[in-house]
Every structure is written in structure tokens, then in C-alpha cells.
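Listing of run-v2.txt; format and content: compact mmCIF, C-alpha atoms.
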```txt
# COMPACT_ATOMS: atom_id res chain seq x y z
CA MET A 1 0.00 0.00 0.00
CA ARG A 2 2.81 2.36 0.90
CA ILE A 3 4.58 1.60 -2.37
CA HIS A 4 1.41 2.43 -4.32
CA ASN A 5 1.05 5.72 -2.41
CA LEU A 6 4.72 6.53 -2.97
CA LEU A 7 4.51 5.69 -6.70
CA GLY A 8 1.32 7.72 -7.01
CA PHE A 9 2.93 10.67 -5.28
CA LEU A 10 6.04 10.44 -7.49
CA LEU A 11 3.92 10.19 -10.62
CA LEU A 12 1.87 13.22 -9.58
CA ALA A 13 5.04 15.19 -8.73
CA ALA A 14 6.64 14.27 -12.06
CA LEU A 15 3.56 15.36 -13.98
CA SER A 16 3.17 18.65 -12.15
CA PHE A 17 6.84 19.65 -12.21
CA GLY A 18 7.85 18.02 -15.45
CA CYS A 19 5.18 19.54 -17.68
CA LYS A 20 5.93 22.92 -19.08
CA LYS A 21 3.06 25.27 -19.28
CA GLU A 22 2.71 26.75 -22.73
CA ALA A 23 3.23 30.50 -22.69
CA LYS A 24 0.11 32.15 -23.97
CA GLU A 25 0.29 35.42 -25.81
CA THR A 26 -2.61 37.74 -25.16
CA THR A 27 -3.57 41.05 -26.66
CA VAL A 28 -3.98 44.02 -24.36
CA ALA A 29 -5.96 47.11 -25.36
CA PHE A 30 -5.45 50.49 -23.73
CA ASP A 31 -5.67 54.21 -24.49
CA VAL A 32 -2.94 56.82 -24.74
CA VAL A 33 -3.94 60.48 -24.38
CA ASP A 34 -1.74 63.22 -25.83
CA THR A 35 -2.48 66.92 -25.44
CA TRP A 36 -1.36 69.85 -27.57
CA ALA A 37 -1.96 73.50 -26.68
CA ALA A 38 -0.82 76.77 -28.26
CA VAL A 39 -1.58 80.44 -28.66
CA LEU A 40 -2.09 81.04 -32.38
CA ASP A 41 -2.27 84.09 -34.59
CA VAL A 42 -4.85 83.13 -37.22
CA THR A 43 -4.58 85.66 -40.04
CA ALA A 44 -6.02 85.71 -43.54
CA PRO A 45 -5.14 88.92 -45.40
CA PRO A 46 -7.93 90.67 -47.36
CA ALA A 47 -6.42 89.79 -50.74
CA GLY A 48 -5.03 86.39 -49.76
CA PRO A 49 -6.38 82.87 -49.58
CA LEU A 50 -8.74 81.87 -46.78
CA THR A 51 -6.90 78.59 -46.20
CA VAL A 52 -4.03 78.92 -43.74
CA PHE A 53 -1.53 76.45 -42.34
CA LEU A 54 -0.67 77.26 -38.74
CA PRO A 55 2.81 76.55 -37.34
CA THR A 56 3.85 72.93 -36.99
CA THR A 57 4.35 71.91 -33.37
CA ARG A 58 6.18 68.97 -31.79
CA VAL A 59 4.15 66.74 -29.47
CA TYR A 60 5.80 64.42 -26.98
CA SER A 61 3.65 61.32 -26.78
CA ALA A 62 2.61 59.56 -23.58
CA THR A 63 2.93 56.19 -25.34
CA ALA A 64 6.15 55.11 -23.59
CA ASP A 65 4.82 56.06 -20.14
CA SER A 66 1.55 54.21 -20.77
CA CYS A 67 3.45 51.11 -21.86
CA ARG A 68 5.80 51.25 -18.87
CA GLY A 69 2.82 51.47 -16.53
CA ARG A 70 1.43 48.27 -18.06
CA LYS A 71 4.80 46.48 -18.15
CA ILE A 72 4.77 46.45 -21.96
CA THR A 73 7.70 47.38 -24.17
CA LEU A 74 7.33 49.57 -27.24
CA ASP A 75 8.32 46.54 -29.35
CA GLN A 76 5.20 44.71 -28.14
CA LEU A 77 2.89 47.36 -29.61
CA GLN A 78 0.94 46.00 -32.55
CA GLN A 79 -1.53 48.70 -33.51
CA ALA A 80 -2.41 52.34 -32.84
CA THR A 81 -5.30 54.38 -34.24
CA LEU A 82 -6.85 57.69 -33.30
CA SER A 83 -10.15 57.02 -31.57
CA HIS A 84 -11.12 60.53 -30.46
CA ALA A 85 -9.97 64.12 -31.05
CA THR A 86 -11.37 67.17 -29.25
CA LEU A 87 -10.37 70.75 -30.01
CA THR A 88 -11.23 73.39 -27.39
CA LEU A 89 -10.97 77.15 -27.71
CA GLN A 90 -9.70 78.37 -24.34
CA ALA A 91 -9.09 82.10 -24.85
CA PRO A 92 -10.02 84.85 -25.27
CA VAL A 93 -13.12 84.53 -23.10
CA GLY A 94 -16.28 84.63 -25.21
CA GLN A 95 -14.48 83.66 -28.43
CA ASN A 96 -15.92 80.80 -30.48
CA PHE A 97 -14.96 79.01 -33.69
CA ASP A 98 -17.17 81.20 -35.92
CA PHE A 99 -14.09 82.40 -37.81
CA VAL A 100 -13.37 78.84 -39.06
CA ARG A 101 -15.26 77.02 -41.83
CA GLN A 102 -13.32 73.74 -41.74
CA ILE A 103 -10.31 72.21 -39.96
CA THR A 104 -7.82 69.53 -40.96
CA TRP A 105 -5.05 68.27 -38.65
CA TYR A 106 -1.97 66.61 -40.13
CA ILE A 107 0.48 64.36 -38.33
CA THR A 108 4.11 64.10 -39.37
CA SER A 109 6.67 61.66 -38.06
CA GLU A 110 9.80 62.63 -36.17
CA GLN A 111 11.78 62.44 -39.44
CA GLY A 112 9.34 64.83 -41.11
CA ASN A 113 8.96 62.99 -44.40
CA ASP A 114 5.50 61.41 -44.16
CA ARG A 115 2.71 63.85 -43.42
CA MET A 116 -0.84 62.50 -43.41
CA VAL A 117 -4.32 63.58 -42.35
CA LEU A 118 -5.01 62.76 -38.70
CA ALA A 119 -8.46 64.29 -38.12
CA THR A 120 -10.88 66.65 -39.85
CA LEU A 121 -14.04 68.63 -39.37
CA PRO A 122 -15.43 69.72 -42.75
CA ASN A 123 -18.25 71.92 -41.37
CA VAL A 124 -17.50 73.80 -38.16
CA PRO A 125 -20.79 74.68 -36.43
CA LEU A 126 -21.41 78.33 -35.55
CA GLY A 127 -21.17 79.25 -31.87
CA ALA A 128 -19.05 76.23 -30.90
CA THR A 129 -16.19 76.50 -28.41
CA THR A 130 -15.44 72.76 -28.39
CA LEU A 131 -15.23 70.64 -31.52
CA THR A 132 -15.15 66.88 -31.93
CA LEU A 133 -13.05 66.06 -34.97
CA MET A 134 -13.48 62.98 -37.17
CA PRO A 135 -10.44 60.70 -36.85
CA THR A 136 -9.06 58.91 -39.87
CA ASN A 137 -8.66 55.14 -39.67
CA THR A 138 -4.95 55.38 -40.38
CA ALA A 139 -2.39 53.15 -38.68
CA LEU A 140 -0.37 55.47 -36.43
CA LEU A 141 2.05 53.17 -34.66
CA SER A 142 5.05 54.42 -36.64
CA TYR A 143 4.24 57.97 -35.47
CA LEU A 144 3.73 57.15 -31.78
CA ARG A 145 6.44 54.56 -31.13
CA PRO A 146 9.40 57.01 -31.40
CA GLY A 147 7.97 59.18 -28.61
CA GLN A 148 7.35 62.37 -30.57
CA TYR A 149 5.55 63.55 -33.67
CA TYR A 150 4.50 66.84 -35.25
CA LEU A 151 1.04 68.34 -35.71
CA THR A 152 0.09 70.89 -38.36
CA PRO A 153 -3.37 72.49 -38.30
CA GLN A 154 -4.91 73.71 -41.54
CA LEU A 155 -7.87 76.07 -41.22
CA GLU A 156 -10.20 77.35 -43.87
CA LEU A 157 -11.49 80.66 -42.57
CA ARG A 158 -14.97 82.06 -43.22
CA GLN A 159 -13.63 85.53 -44.10
CA PRO A 160 -10.35 87.50 -44.08
CA GLY A 161 -9.20 88.88 -40.73
CA GLN A 162 -6.97 88.32 -37.74
CA THR A 163 -7.76 86.43 -34.55
CA VAL A 164 -5.41 85.46 -31.72
CA VAL A 165 -6.66 82.41 -29.83
CA ARG A 166 -5.51 79.75 -27.41
CA MET A 167 -6.49 76.24 -28.52
CA GLN A 168 -6.08 72.84 -26.91
CA LEU A 169 -6.26 69.57 -28.82
CA GLN A 170 -6.73 66.31 -26.94
CA LEU A 171 -5.97 63.13 -28.87
CA ARG A 172 -7.01 59.69 -27.62
CA PHE A 173 -5.24 56.79 -29.31
CA ALA A 174 -6.51 53.20 -29.09
CA MET A 175 -3.49 50.92 -28.65
CA GLN A 176 -3.09 47.17 -28.90
CA ALA A 177 -0.06 45.25 -27.68
CA ARG A 178 1.12 41.67 -27.24
CA GLN A 179 1.49 40.65 -23.64
CA LEU A 180 3.42 37.54 -22.73
```
Let me see the structure of the file written as C-alpha cells.
Amino acid sequence: MRIHNLLGFLLLAALSFGCKKEAKETTVAFDVVDTWAAVLDVTAPPAGPLTVFLPTTRVYSATADSCRGRKITLDQLQQATLSHATLTLQAPVGQNFDFVRQITWYITSEQGNDRMVLATLPNVPLGATTLTLMPTNTALLSYLRPGQYYLTPQLELRQPGQTVVRMQLQLRFAMQARQL
């Protein structure tokens, strides 16, 4: 009886310690939020075009910090897309987006050689101080992985004139990564 118990125990120990558990790879989804803010001089001269490109600005992405907090490396990232973009007019008090007809935001990589449309709003509503832009379904991992990218706003104004405003753009990126 003791030999059977001992053999049973040894067999159970061999099975539990000798079998390797297969490492499963899972996919983790999370959001990264980047914020851009600037004071801008929006000017369209009386005889000039109503479409203006505002200065390009560097944005430092929170992608690396978000990955570190989840114990994920940047190499494990598989996919990134823009899920939400909100533009808010912060100053001057009482100002709204009535001076803008349409907005297009471009993203450019750190190297500066691959600009593409990030988000748009073809018809800016009158009286609005906060706008929800339509994200493109573009793969953005190559822009976010290096830790910085550039944004260029293009505005089509309703009429010539000059306006100085403070704007804030909040970008929410949907990320997917392999987790071992």
C-alpha cells in the first residue's frame, strides 16, 4: 500500500513539475492620451487665400509612459489608431470658432517625411467653443512609437481677418499590444 502511495505521489510530482506550461500570448488594449496647446495668430489677409496652415508643433507622446505602466515594451505594440480628437478654444473669453469654416489636422513623423491627415471637421458649427473632430482610420504606430511627432493644423477661414486664440487639442489613441 505504501509503495502504491509513494509511486502515485512520485507520478503526480513528475507530472506537475515536469510539464511545461505553454506561454500564452494575449492582446492588451489600452488608451494613450496626448495633449497639444498653443496660442495662435490666425490671419487671412484681405487679398489672400482663406486657407491657412498654422505653425507645426512637436508633441511628446505619452505612449512610452503608458506602456511602462502596463509592463509592456514599445516593441510589443501592434496597432495604434486615433479614436477621439477634441479641439477646445480656451481664450479669449467669449471667443468661439465662428471664424473657421473647416479644420484639418496633419500628423508628421519625427523624421518629417511622411505627413498625413489625422483628423478633420469639414463643417464647423457656428457658436461652438469645443469641436469633436473625425479621426481617420490610419495606422499610427510608426508615429507614436518614437515618442514624438508633429502636428500641423490647416484652417479654412470664413472671411479675411486676424484672430489670436488659445487652442487645446486632446488626442485619444486606441493601442493594442502583445502581452506575454
Please measure the separation of atom CA of Tyr149 of chain A and atom CA of Asp31 of chain A, giving the value in Å to one decimal.
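That distance, rounded to one decimal, is 17.2 Å.
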Write out as an mmCIF file with C-alpha atoms, in the frame of the given file which residues come within 12 Å of Thr51 of chain A when counting only C-alpha atoms, dropping same-chain ones fewer than 5 positions away.
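Result written to around.cif:
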```
data_model
loop_
_atom_site.group_PDB
_atom_site.id
_atom_site.type_symbol
_atom_site.label_atom_id
_atom_site.label_comp_id
_atom_site.auth_asym_id
_atom_site.auth_seq_id
_atom_site.Cartn_x
_atom_site.Cartn_y
_atom_site.Cartn_z
ATOM 1 C CA VAL A 42 -4.850 83.130 -37.220
ATOM 2 C CA THR A 43 -4.580 85.660 -40.040
ATOM 3 C CA ALA A 44 -6.020 85.710 -43.540
ATOM 4 C CA PRO A 45 -5.140 88.920 -45.400
ATOM 5 C CA PHE A 99 -14.090 82.400 -37.810
ATOM 6 C CA VAL A 100 -13.370 78.840 -39.060
ATOM 7 C CA ARG A 101 -15.260 77.020 -41.830
ATOM 8 C CA GLN A 102 -13.320 73.740 -41.740
ATOM 9 C CA ILE A 103 -10.310 72.210 -39.960
ATOM 10 C CA THR A 104 -7.820 69.530 -40.960
ATOM 11 C CA PRO A 153 -3.370 72.490 -38.300
ATOM 12 C CA GLN A 154 -4.910 73.710 -41.540
ATOM 13 C CA LEU A 155 -7.870 76.070 -41.220
ATOM 14 C CA GLU A 156 -10.200 77.350 -43.870
ATOM 15 C CA LEU A 157 -11.490 80.660 -42.570
ATOM 16 C CA ARG A 158 -14.970 82.060 -43.220
ATOM 17 C CA GLN A 159 -13.630 85.530 -44.100
ATOM 18 C CA PRO A 160 -10.350 87.500 -44.080
ATOM 19 C CA GLY A 161 -9.200 88.880 -40.730
#
```
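With all atoms listed in the file as the atoms that count, the minimum distance from Ile107 of chain A to the choices A:Phe173, A:Tyr150, A:Phe53, A:Tyr60 is reached by A:Tyr150.
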Determine the nearest neighbour of Ala62 of chain A from the options A:Arg145, A:Arg115, A:Arg178, A:Arg166, counting all atoms listed in the file.
A:Arg145
Which residue is closest to Gln78 of chain A? Choose from A:Thr152, A:Thr132, A:Ser142, A:Thr163 and count only C-alpha atoms.
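Answer, going by the shortest atom-to-atom distance: A:Ser142.
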Select, counting all atoms listed in the file, all protein, DNA and RNA residues no farther than 10 Å from (6.9, 38.1, -22.0) in file coordinates, and express the selection as a PyMOL selection string.
chain A and resi 23-25+71-73+76+178-180
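In this model, the gap between atom CA of Ala128 of chain A and atom CA of Trp105 of chain A comes to 17.9 Å.
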May I ask which of the residues A:Leu40, A:Ala174, A:Ala29, A:Leu151 is the closest one to Ala91 of chain A, counting all atoms listed in the file?
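Of the candidates, the smallest distance to Ala91 of chain A is held by A:Leu40.
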From the options A:Thr129, A:Met116, A:Gln111, A:Ala47, which residue's atoms come nearest to Thr88 of chain A, counting all atoms listed in the file?
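Result for the nearest residue to Thr88 of chain A: A:Thr129.
Rounded to one decimal, atom CA of Thr27 of chain A and atom CA of Arg70 of chain A lie 12.3 Å from each other.
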